[in-house]
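The structure file entry01.tsv is reproduced below (TSV, C-alpha atoms and all ligand atoms).
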```tsv
chain	number	residue	atom	x	y	z
A	3	MET	CA	149.66	151.95	227.24
A	4	ALA	CA	149.82	154.85	224.79
A	5	ALA	CA	152.39	157.56	225.54
A	6	LEU	CA	150.60	160.02	223.24
A	7	LYS	CA	146.90	160.25	222.53
A	8	GLY	CA	145.53	162.20	219.59
A	9	VAL	CA	148.14	164.95	219.66
A	10	SER	CA	147.79	167.28	216.67
A	11	LEU	CA	149.84	170.43	216.16
A	12	ASP	CA	150.30	173.00	213.42
A	13	VAL	CA	153.68	174.67	213.54
A	14	LEU	CA	154.12	177.76	211.42
A	15	ALA	CA	157.27	178.19	209.36
A	16	GLY	CA	159.74	180.28	211.31
A	17	GLU	CA	157.75	179.94	214.51
A	18	ARG	CA	159.18	179.06	217.92
A	19	LEU	CA	156.81	176.61	219.57
A	20	ALA	CA	157.47	175.31	223.06
A	21	ILE	CA	156.05	172.03	224.30
A	22	ILE	CA	155.82	171.87	228.05
A	23	GLY	CA	154.50	169.43	230.61
A	24	GLU	CA	155.50	167.44	233.63
A	25	SER	CA	157.90	164.54	233.51
A	26	GLY	CA	156.24	161.63	231.72
A	27	SER	CA	153.68	163.80	229.91
A	28	GLY	CA	155.02	162.65	226.54
A	29	LYS	CA	157.14	165.57	225.40
A	30	SER	CA	160.18	163.55	224.39
A	31	THR	CA	158.03	160.86	222.81
A	32	LEU	CA	156.40	163.49	220.61
A	33	ALA	CA	159.77	164.96	219.65
A	34	LEU	CA	161.24	161.55	218.85
A	35	ALA	CA	158.17	160.56	216.85
A	36	ILE	CA	158.42	163.69	214.71
A	37	ALA	CA	162.11	163.04	214.12
A	38	GLY	CA	161.52	159.38	213.28
A	39	LEU	CA	163.72	158.33	216.18
A	40	LEU	CA	161.44	156.01	218.07
A	41	ALA	CA	162.57	152.42	218.20
A	42	LYS	CA	161.21	149.79	215.86
A	43	SER	CA	159.03	148.33	218.56
A	44	ALA	CA	157.12	151.61	218.95
A	45	LEU	CA	153.74	151.82	217.30
A	46	VAL	CA	153.26	155.21	215.76
A	47	ASP	CA	150.10	156.37	214.11
A	48	GLY	CA	149.73	159.78	212.57
A	49	THR	CA	150.81	162.15	209.85
A	50	ILE	CA	153.43	164.76	209.21
A	51	GLU	CA	152.40	167.36	206.67
A	52	TRP	CA	155.44	169.22	205.44
A	53	PRO	CA	155.20	172.17	203.05
A	54	PRO	CA	155.20	170.85	199.47
A	55	GLY	CA	158.55	171.06	197.71
A	56	GLN	CA	160.39	171.92	200.92
A	57	LEU	CA	162.09	168.59	201.55
A	58	GLN	CA	165.78	168.52	200.71
A	59	PRO	CA	167.40	165.76	198.68
A	60	SER	CA	169.50	163.52	200.88
A	61	ARG	CA	170.89	160.04	201.34
A	62	PHE	CA	168.93	157.58	203.38
A	63	PHE	CA	171.35	157.29	206.27
A	64	ALA	CA	171.98	159.88	208.91
A	65	PRO	CA	175.51	160.01	210.27
A	66	PRO	CA	175.83	157.91	213.39
A	67	SER	CA	177.85	160.32	215.45
A	68	VAL	CA	175.15	162.86	216.11
A	69	LEU	CA	172.30	160.54	216.92
A	70	PRO	CA	171.54	158.81	220.18
A	71	ASP	CA	171.46	155.13	220.75
A	72	ILE	CA	167.75	154.60	221.13
A	73	SER	CA	166.90	151.48	223.00
A	74	PRO	CA	165.18	148.94	220.78
A	75	ALA	CA	163.24	147.90	223.85
A	76	ARG	CA	161.13	151.02	223.88
A	77	GLY	CA	157.55	150.00	224.18
A	78	GLU	CA	154.31	150.73	222.51
A	79	ILE	CA	153.65	154.38	221.91
A	80	SER	CA	150.19	154.34	220.50
A	81	SER	CA	147.74	151.64	219.70
A	82	SER	CA	146.29	152.00	216.26
A	83	ALA	CA	142.73	150.89	215.98
A	84	GLY	CA	143.03	150.14	212.31
A	85	GLY	CA	146.25	148.14	212.56
A	86	PHE	CA	149.11	148.57	210.14
A	87	PRO	CA	149.40	147.75	206.51
A	88	PRO	CA	152.07	145.20	205.63
A	89	ALA	CA	154.12	147.31	203.25
A	90	THR	CA	157.30	148.87	204.64
A	91	PRO	CA	158.86	150.97	201.90
A	92	GLU	CA	162.10	152.78	202.59
A	93	ILE	CA	161.87	156.40	203.51
A	94	GLY	CA	161.81	158.56	200.44
A	95	GLU	CA	159.87	156.05	198.38
A	96	SER	CA	156.80	157.65	197.00
A	97	ASP	CA	153.56	155.83	196.75
A	98	ARG	CA	151.08	155.94	193.98
A	99	ASP	CA	148.93	158.88	194.98
A	100	GLY	CA	151.71	161.10	196.34
A	101	SER	CA	149.45	162.70	198.92
A	102	ILE	CA	150.37	163.88	202.41
A	103	SER	CA	152.86	161.93	204.43
A	104	PRO	CA	151.32	159.69	207.06
A	105	LEU	CA	153.90	158.59	209.54
A	106	VAL	CA	152.63	155.20	210.46
A	107	GLY	CA	154.20	152.08	211.80
A	108	GLU	CA	157.79	151.17	212.45
A	109	MET	CA	160.16	154.03	212.80
A	110	SER	CA	163.89	153.80	213.16
A	111	GLY	CA	166.59	151.84	214.88
A	112	ARG	CA	170.34	151.79	214.98
A	113	THR	CA	171.82	149.35	212.53
A	114	GLU	CA	174.91	147.26	213.07
A	115	GLY	CA	177.08	149.79	211.30
A	116	GLY	CA	175.90	152.51	213.64
A	117	ALA	CA	173.84	154.35	211.05
A	118	VAL	CA	170.20	154.94	211.66
A	119	GLU	CA	167.96	153.33	209.16
A	120	HIS	CA	164.51	154.78	208.73
A	121	ARG	CA	161.74	152.43	207.89
A	122	ARG	CA	158.14	153.46	208.11
A	123	SER	CA	155.15	151.56	206.96
A	124	ASN	CA	152.41	153.08	204.89
A	125	VAL	CA	154.63	155.94	203.76
A	126	ARG	CA	152.97	158.17	201.25
A	127	GLY	CA	155.02	160.84	199.62
A	128	GLU	CA	158.26	162.02	201.17
A	129	LEU	CA	158.97	162.42	204.84
A	130	PRO	CA	161.30	164.94	206.44
A	131	ARG	CA	164.73	163.44	207.07
A	132	LEU	CA	166.56	163.67	210.30
A	133	GLY	CA	169.77	165.60	209.92
A	134	ARG	CA	168.72	167.17	206.63
A	135	ASP	CA	165.20	168.53	207.17
A	136	ILE	CA	165.09	168.17	210.94
A	137	GLY	CA	167.91	168.98	213.35
A	138	PHE	CA	167.68	167.44	216.79
A	139	VAL	CA	169.42	168.57	219.96
A	140	PHE	CA	169.22	166.19	222.91
A	141	GLN	CA	169.39	166.91	226.60
A	142	ASP	CA	172.72	165.18	227.05
A	143	PRO	CA	175.30	165.98	224.38
A	144	SER	CA	177.47	163.16	225.66
A	145	SER	CA	174.93	160.66	224.42
A	146	SER	CA	174.66	162.20	220.97
A	147	LEU	CA	178.36	162.86	220.38
A	148	ASP	CA	180.73	160.01	219.63
A	149	PRO	CA	183.33	159.96	222.44
A	150	VAL	CA	186.10	158.57	220.23
A	151	MET	CA	185.65	160.79	217.18
A	152	PRO	CA	187.10	164.31	216.90
A	153	ILE	CA	184.52	167.10	217.01
A	154	GLY	CA	185.42	168.32	213.53
A	155	ARG	CA	184.86	164.92	211.99
A	156	GLN	CA	181.45	164.59	213.69
A	157	ILE	CA	180.19	167.86	212.25
A	158	ALA	CA	181.88	167.40	208.88
A	159	GLU	CA	180.20	164.01	208.59
A	160	VAL	CA	176.76	165.65	208.72
A	161	VAL	CA	177.78	168.15	206.06
A	162	HIS	CA	179.42	165.51	203.86
A	163	THR	CA	176.47	163.14	204.17
A	164	HIS	CA	173.65	165.56	203.58
A	165	LEU	CA	175.15	168.37	201.52
A	166	HIS	CA	177.55	166.11	199.59
A	167	LEU	CA	180.47	168.50	200.02
A	168	THR	CA	184.02	167.22	199.74
A	169	TRP	CA	185.65	166.40	203.06
A	170	ARG	CA	187.84	169.49	202.76
A	171	ASP	CA	184.81	171.73	202.27
A	172	ALA	CA	182.89	169.83	204.94
A	173	TYR	CA	185.67	170.52	207.46
A	174	ALA	CA	185.74	174.18	206.43
A	175	LYS	CA	182.01	174.37	207.04
A	176	ALA	CA	182.44	172.56	210.36
A	177	LYS	CA	184.89	175.28	211.42
A	178	THR	CA	182.43	177.99	210.39
A	179	LEU	CA	179.73	176.23	212.40
A	180	LEU	CA	181.96	176.13	215.48
A	181	GLU	CA	182.43	179.87	215.04
A	182	ARG	CA	178.68	180.33	214.74
A	183	VAL	CA	178.05	178.51	218.01
A	184	ARG	CA	180.75	180.72	219.53
A	185	LEU	CA	183.23	178.13	220.61
A	186	PRO	CA	186.63	179.61	221.36
A	187	ASP	CA	189.40	178.65	218.95
A	188	PRO	CA	187.32	176.69	216.40
A	189	GLU	CA	190.46	175.49	214.61
A	190	ALA	CA	191.69	173.74	217.74
A	191	THR	CA	188.21	172.56	218.70
A	192	LEU	CA	187.91	170.69	215.40
A	193	ARG	CA	190.59	168.34	216.69
A	194	CYS	CA	189.17	168.00	220.23
A	195	TYR	CA	187.32	164.98	221.53
A	196	PRO	CA	184.07	165.51	223.43
A	197	HIS	CA	185.63	164.74	226.83
A	198	GLN	CA	187.95	167.71	226.38
A	199	LEU	CA	185.00	170.12	226.37
A	200	SER	CA	182.68	171.36	229.12
A	201	GLY	CA	179.02	170.39	229.14
A	202	GLY	CA	178.01	173.74	227.67
A	203	GLN	CA	180.69	173.52	224.98
A	204	LYS	CA	179.59	170.00	224.08
A	205	GLN	CA	176.03	171.21	223.74
A	206	ARG	CA	177.25	173.96	221.40
A	207	VAL	CA	178.95	171.27	219.31
A	208	ALA	CA	175.74	169.24	219.28
A	209	ILE	CA	173.84	172.32	218.13
A	210	ALA	CA	176.42	172.94	215.39
A	211	ALA	CA	175.97	169.35	214.19
A	212	ALA	CA	172.19	169.65	214.35
A	213	ILE	CA	172.10	172.73	212.11
A	214	ALA	CA	175.01	171.69	209.87
A	215	ALA	CA	172.87	170.62	206.92
A	216	GLY	CA	170.54	173.61	207.14
A	217	PRO	CA	167.39	171.92	208.48
A	218	LYS	CA	164.12	173.80	208.33
A	219	LEU	CA	163.02	172.47	211.71
A	220	LEU	CA	165.16	172.39	214.84
A	221	ILE	CA	163.94	170.27	217.73
A	222	ALA	CA	165.57	171.00	221.08
A	223	ASP	CA	164.54	168.37	223.61
A	224	GLU	CA	165.40	169.65	227.09
A	225	ALA	CA	168.57	170.89	225.41
A	226	THR	CA	169.52	173.14	228.31
A	227	SER	CA	168.21	171.11	231.25
A	228	ALA	CA	171.55	169.54	232.11
A	229	LEU	CA	173.37	172.87	232.16
A	230	ASP	CA	173.82	175.29	235.01
A	231	THR	CA	171.71	178.45	235.00
A	232	ILE	CA	174.21	180.80	233.39
A	233	VAL	CA	175.24	178.36	230.66
A	234	GLN	CA	171.56	177.53	230.15
A	235	ALA	CA	170.79	181.19	229.46
A	236	GLU	CA	173.73	181.42	227.04
A	237	VAL	CA	172.62	178.34	225.12
A	238	VAL	CA	169.03	179.59	224.95
A	239	THR	CA	170.33	182.89	223.57
A	240	LEU	CA	172.44	180.97	221.07
A	241	ILE	CA	169.49	178.85	219.92
A	242	ARG	CA	167.30	181.93	219.57
A	243	GLY	CA	169.96	183.66	217.47
A	244	LEU	CA	170.64	180.69	215.20
A	245	VAL	CA	166.95	180.06	214.62
A	246	ALA	CA	166.45	183.71	213.65
A	247	GLU	CA	169.55	183.86	211.43
A	248	ASP	CA	168.71	180.68	209.52
A	249	GLY	CA	164.94	181.18	209.45
A	250	MET	CA	164.42	177.84	211.16
A	251	THR	CA	161.28	176.69	212.89
A	252	LEU	CA	161.91	175.71	216.50
A	253	LEU	CA	160.26	173.05	218.61
A	254	PHE	CA	161.52	173.68	222.11
A	255	ILE	CA	160.72	170.88	224.53
A	256	SER	CA	160.99	171.81	228.20
A	257	HIS	CA	159.52	171.05	231.59
A	258	ASP	CA	160.36	174.65	232.55
A	259	ILE	CA	157.49	176.95	231.72
A	260	ALA	CA	159.54	180.09	232.38
A	261	LEU	CA	162.30	178.99	230.07
A	262	ALA	CA	159.75	178.08	227.42
A	263	ALA	CA	158.09	181.47	227.81
A	264	SER	CA	161.41	183.25	227.37
A	265	LEU	CA	161.84	181.72	223.94
A	266	ALA	CA	158.55	180.71	222.40
A	267	ASP	CA	155.92	182.49	220.32
A	268	ARG	CA	153.40	179.84	221.32
A	269	ILE	CA	153.26	177.21	224.02
A	270	ALA	CA	151.64	173.78	223.87
A	271	VAL	CA	150.89	172.00	227.14
A	272	LEU	CA	150.98	168.21	227.32
A	273	ARG	CA	149.48	166.18	230.13
A	274	HIS	CA	149.34	162.40	230.31
A	275	GLY	CA	150.08	162.22	226.59
A	276	GLU	CA	147.32	164.63	225.59
A	277	LEU	CA	147.55	168.16	224.27
A	278	ILE	CA	145.45	170.08	226.76
A	279	GLU	CA	146.22	173.68	225.86
A	280	LEU	CA	147.87	175.57	223.03
A	281	GLY	CA	148.10	179.31	222.73
A	282	GLN	CA	150.23	182.40	222.34
A	283	THR	CA	152.85	182.65	225.04
A	284	ASP	CA	151.23	185.75	226.55
A	285	GLN	CA	147.88	184.01	226.79
A	286	ILE	CA	149.33	180.86	228.33
A	287	ILE	CA	151.29	182.84	230.92
A	288	ASN	CA	148.76	185.52	231.74
A	289	ALA	CA	145.44	183.82	231.14
A	290	PRO	CA	145.79	180.04	231.04
A	291	ARG	CA	142.52	178.27	230.30
A	292	GLN	CA	143.39	175.00	231.98
A	293	SER	CA	143.83	174.57	235.70
A	294	TYR	CA	146.77	172.26	234.97
A	295	THR	CA	148.58	175.06	233.13
A	296	ARG	CA	147.86	177.38	236.02
A	297	ALA	CA	149.26	174.79	238.40
A	298	LEU	CA	152.45	174.61	236.31
A	299	LEU	CA	152.70	178.39	236.50
A	300	ASP	CA	152.01	178.45	240.23
A	301	ALA	CA	154.59	175.74	240.85
A	302	HIS	CA	157.14	177.77	239.01
A	303	LEU	CA	156.21	180.98	240.75
A	304	GLY	CA	156.55	179.15	244.03
A	305	LEU	CA	160.14	178.32	243.14
A	306	ASP	CA	161.26	181.54	241.54
A	307	ALA	CA	159.00	184.28	240.23
A	308	LYS	CA	161.65	186.37	238.60
A	309	PRO	CA	162.23	184.67	235.25
A	310	LEU	CA	158.52	184.68	234.45
A	311	LEU	CA	158.11	188.28	235.48
A	312	ASP	CA	161.06	189.15	233.25
A	313	ARG	CA	159.60	187.18	230.41
A	314	LYS	CA	158.79	190.04	228.10
A	315	GLY	CA	162.29	191.44	228.34
A	316	ALA	CA	163.85	188.04	227.89
A	317	SER	CA	161.88	187.20	224.78
A	318	ALA	CA	162.87	190.33	222.93
B	401	LIG	N1	161.56	153.44	226.29
B	401	LIG	C1	160.31	153.48	226.74
B	401	LIG	N2	159.56	152.38	226.77
B	401	LIG	C2	158.29	152.39	227.21
B	401	LIG	N3	157.68	153.50	227.64
B	401	LIG	C3	158.38	154.64	227.63
B	401	LIG	C4	159.73	154.69	227.19
B	401	LIG	N4	160.15	155.98	227.30
B	401	LIG	C5	159.12	156.68	227.79
B	401	LIG	N5	158.06	155.88	228.00
B	401	LIG	C6	156.77	156.27	228.58
B	401	LIG	O1	156.18	157.23	227.73
B	401	LIG	C7	155.54	158.21	228.53
B	401	LIG	C8	156.04	159.58	228.12
B	401	LIG	O2	157.44	159.65	228.36
B	401	LIG	P1	158.30	160.86	227.81
B	401	LIG	O3	159.74	160.54	228.04
B	401	LIG	O4	157.87	161.17	226.44
B	401	LIG	O5	157.83	162.03	228.79
B	401	LIG	P2	158.48	163.46	228.99
B	401	LIG	O6	157.35	164.39	229.14
B	401	LIG	O7	159.48	163.73	227.93
B	401	LIG	O8	159.21	163.27	230.38
B	401	LIG	P3	160.63	163.83	230.87
B	401	LIG	O9	160.49	165.31	230.99
B	401	LIG	O10	160.83	163.17	232.21
B	401	LIG	O11	161.64	163.39	229.87
B	401	LIG	C9	155.82	157.89	229.97
B	401	LIG	O12	154.68	157.24	230.51
B	401	LIG	C10	156.98	156.96	229.90
B	401	LIG	O13	156.95	156.04	230.96
```
Let me see whether you can do it: turn the structure in this file into structure tokens.
Amino acid sequence: MAALKGVSLDVLAGERLAIIGESGSGKSTLALAIAGLLAKSALVDGTIEWPPGQLQPSRFFAPPSVLPDISPARGEISSSAGGFPPATPEIGESDRDGSISPLVGEMSGRTEGGAVEHRRSNVRGELPRLGRDIGFVFQDPSSSLDPVMPIGRQIAEVVHTHLHLTWRDAYAKAKTLLERVRLPDPEATLRCYPHQLSGGQKQRVAIAAAIAAGPKLLIADEATSALDTIVQAEVVTLIRGLVAEDGMTLLFISHDIALAASLADRIAVLRHGELIELGQTDQIINAPRQSYTRALLDAHLGLDAKPLLDRKGASA
């Protein structure tokens, strides 16, 4: 069964786009597909068109410490009517015509050494690279941070790998990043292990690692869902600030329509793997075209009307 069916999205540079939908609607699958993080067994059919000349030079391997262990057992994502061509060039290999970048076929899986190797079939031109062009923040920072590696090393690794700085400079940048995500005592935090931090602090570390190499696109997949309400608001504020400061584009995945509305310029609504509505946040909230979107709004209003009613203030 396909988890996503014919989903097509344009995301403007610098835009904050939220993707919402009920559990199982395909939000995470879409985010993982864009990031090239679906397991090898997933069938992925589609294209990513990235602005020409905007991909950054990088090595082929993302550092292991900031990526999740994706189960290789993940099933079929989409059935491709045309089947897949046999060629499986490494990511970054250009093909003959150098046209847009179809993202077709096998994606990525964790290798024995812990690094994530990207292999996609039918690659044409260059694809955005996770860690360098795309930063990814997961719901549970504990699953993306290495429990036995100091925080500083985990962030410095991203910088060293993608920006090719010396370890000394990479650690200096890691400290600056910990300051940017407003962790108290960044110098000491560099030496901390994840278990020594709170959930909110760990998520700040994960965000620091995600933006360490200066990606153009930041994907936050339910990045605040595991946090309590106050910490959630702080992390949303942090993400909004970082995205604005660095001129990043944000894909904010959430089941919470109010949270999405507080952050996004536009909202896309997924249902059963299909994109059923996409519009400006005001339009989606005040005049949804689909009854499903209205039902999401009503369900939220039934729980707590205040955040939605405060939306305009919150999104300032
Ligand atoms: N590892 C997997 N193997 C097979 N099918 C999967 C796997 N993970 C998710 N799916 C299926 O893909 C569909 C979309 O799941 P996905 O996790 O993308 O939804 P979601 O909207 O992100 O939900 P949630 O908010 O609960 O995370 C669901 O039908 C789900 O059962």
Can you pull out the residues contacting Gly28 (chain A)? Cut-off 7 Å, using only C-alpha atoms, and skip same-chain residues under 3 positions away; I want them as an NGL selection string.
:A and (5-6 or 31-32 or 272 or 274-275)
Closest-contact table, region 127-180 of chain A side, partner region 209-213 of chain A, 10 Å, counting only C-alpha atoms, as JSON lines:
```
{"residue": "A:Leu132", "atom": "CA", "partner": "A:Ala212", "partner_atom": "CA", "distance": 9.2}
{"residue": "A:Gly133", "atom": "CA", "partner": "A:Ala212", "partner_atom": "CA", "distance": 6.5}
{"residue": "A:Arg134", "atom": "CA", "partner": "A:Ile213", "partner_atom": "CA", "distance": 8.5}
{"residue": "A:Asp135", "atom": "CA", "partner": "A:Ile213", "partner_atom": "CA", "distance": 9.5}
{"residue": "A:Ile136", "atom": "CA", "partner": "A:Ala212", "partner_atom": "CA", "distance": 8.0}
{"residue": "A:Gly137", "atom": "CA", "partner": "A:Ala212", "partner_atom": "CA", "distance": 4.4}
{"residue": "A:Phe138", "atom": "CA", "partner": "A:Ala212", "partner_atom": "CA", "distance": 5.6}
{"residue": "A:Val139", "atom": "CA", "partner": "A:Ile209", "partner_atom": "CA", "distance": 6.1}
{"residue": "A:Phe140", "atom": "CA", "partner": "A:Ile209", "partner_atom": "CA", "distance": 9.0}
{"residue": "A:Pro143", "atom": "CA", "partner": "A:Ile209", "partner_atom": "CA", "distance": 9.0}
{"residue": "A:Ser146", "atom": "CA", "partner": "A:Ala211", "partner_atom": "CA", "distance": 9.9}
{"residue": "A:Leu147", "atom": "CA", "partner": "A:Ala211", "partner_atom": "CA", "distance": 9.3}
{"residue": "A:Ile153", "atom": "CA", "partner": "A:Ala211", "partner_atom": "CA", "distance": 9.3}
{"residue": "A:Gly154", "atom": "CA", "partner": "A:Ala211", "partner_atom": "CA", "distance": 9.5}
{"residue": "A:Gln156", "atom": "CA", "partner": "A:Ala211", "partner_atom": "CA", "distance": 7.3}
{"residue": "A:Ile157", "atom": "CA", "partner": "A:Ala211", "partner_atom": "CA", "distance": 4.9}
{"residue": "A:Ala158", "atom": "CA", "partner": "A:Ala211", "partner_atom": "CA", "distance": 8.2}
{"residue": "A:Glu159", "atom": "CA", "partner": "A:Ala211", "partner_atom": "CA", "distance": 8.8}
{"residue": "A:Val160", "atom": "CA", "partner": "A:Ala211", "partner_atom": "CA", "distance": 6.7}
{"residue": "A:Val161", "atom": "CA", "partner": "A:Ala211", "partner_atom": "CA", "distance": 8.4}
{"residue": "A:Ala176", "atom": "CA", "partner": "A:Ala210", "partner_atom": "CA", "distance": 7.9}
{"residue": "A:Lys177", "atom": "CA", "partner": "A:Ala210", "partner_atom": "CA", "distance": 9.6}
{"residue": "A:Thr178", "atom": "CA", "partner": "A:Ala210", "partner_atom": "CA", "distance": 9.3}
{"residue": "A:Leu179", "atom": "CA", "partner": "A:Ala210", "partner_atom": "CA", "distance": 5.5}
{"residue": "A:Leu180", "atom": "CA", "partner": "A:Ala210", "partner_atom": "CA", "distance": 6.4}
```
Same residues, C-alpha atoms, output as a JSON list (two decimals), keeping the file's coordinate frame:
```
[["chain", "number", "residue", "atom", "x", "y", "z"],
["A", 132, "LEU", "CA", 166.56, 163.67, 210.30],
["A", 133, "GLY", "CA", 169.77, 165.60, 209.92],
["A", 134, "ARG", "CA", 168.72, 167.17, 206.63],
["A", 135, "ASP", "CA", 165.20, 168.53, 207.17],
["A", 136, "ILE", "CA", 165.09, 168.17, 210.94],
["A", 137, "GLY", "CA", 167.91, 168.98, 213.35],
["A", 138, "PHE", "CA", 167.68, 167.44, 216.79],
["A", 139, "VAL", "CA", 169.42, 168.57, 219.96],
["A", 140, "PHE", "CA", 169.22, 166.19, 222.91],
["A", 143, "PRO", "CA", 175.30, 165.98, 224.38],
["A", 146, "SER", "CA", 174.66, 162.20, 220.97],
["A", 147, "LEU", "CA", 178.36, 162.86, 220.38],
["A", 153, "ILE", "CA", 184.52, 167.10, 217.01],
["A", 154, "GLY", "CA", 185.42, 168.32, 213.53],
["A", 156, "GLN", "CA", 181.45, 164.59, 213.69],
["A", 157, "ILE", "CA", 180.19, 167.86, 212.25],
["A", 158, "ALA", "CA", 181.88, 167.40, 208.88],
["A", 159, "GLU", "CA", 180.20, 164.01, 208.59],
["A", 160, "VAL", "CA", 176.76, 165.65, 208.72],
["A", 161, "VAL", "CA", 177.78, 168.15, 206.06],
["A", 176, "ALA", "CA", 182.44, 172.56, 210.36],
["A", 177, "LYS", "CA", 184.89, 175.28, 211.42],
["A", 178, "THR", "CA", 182.43, 177.99, 210.39],
["A", 179, "LEU", "CA", 179.73, 176.23, 212.40],
["A", 180, "LEU", "CA", 181.96, 176.13, 215.48]]
```
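Among the candidates A:Leu265, A:Pro149, A:Gln292, A:Thr226, the residue lying nearest to Ile278 (chain A) is A:Gln292 (atoms considered: all atoms listed in the file).
Selecting all polymer residues at most 6 Å from ligand LIG 401 (chain B), using all atoms listed in the file, gives A:Ala5, A:Gly23, A:Glu24, A:Ser25, A:Gly26, A:Ser27, A:Gly28, A:Lys29, A:Ser30, A:Thr31, A:Arg76, A:Gly77, A:His257.
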In Å to one decimal, how far is CA of Ser10 (chain A) from CA of Leu277 (chain A)?
7.7 Å
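Using all atoms listed in the file, the smallest distance between any of A:Leu19, A:Leu165, A:Ala215, A:Val207 and Arg242 (chain A) comes from A:Leu19.
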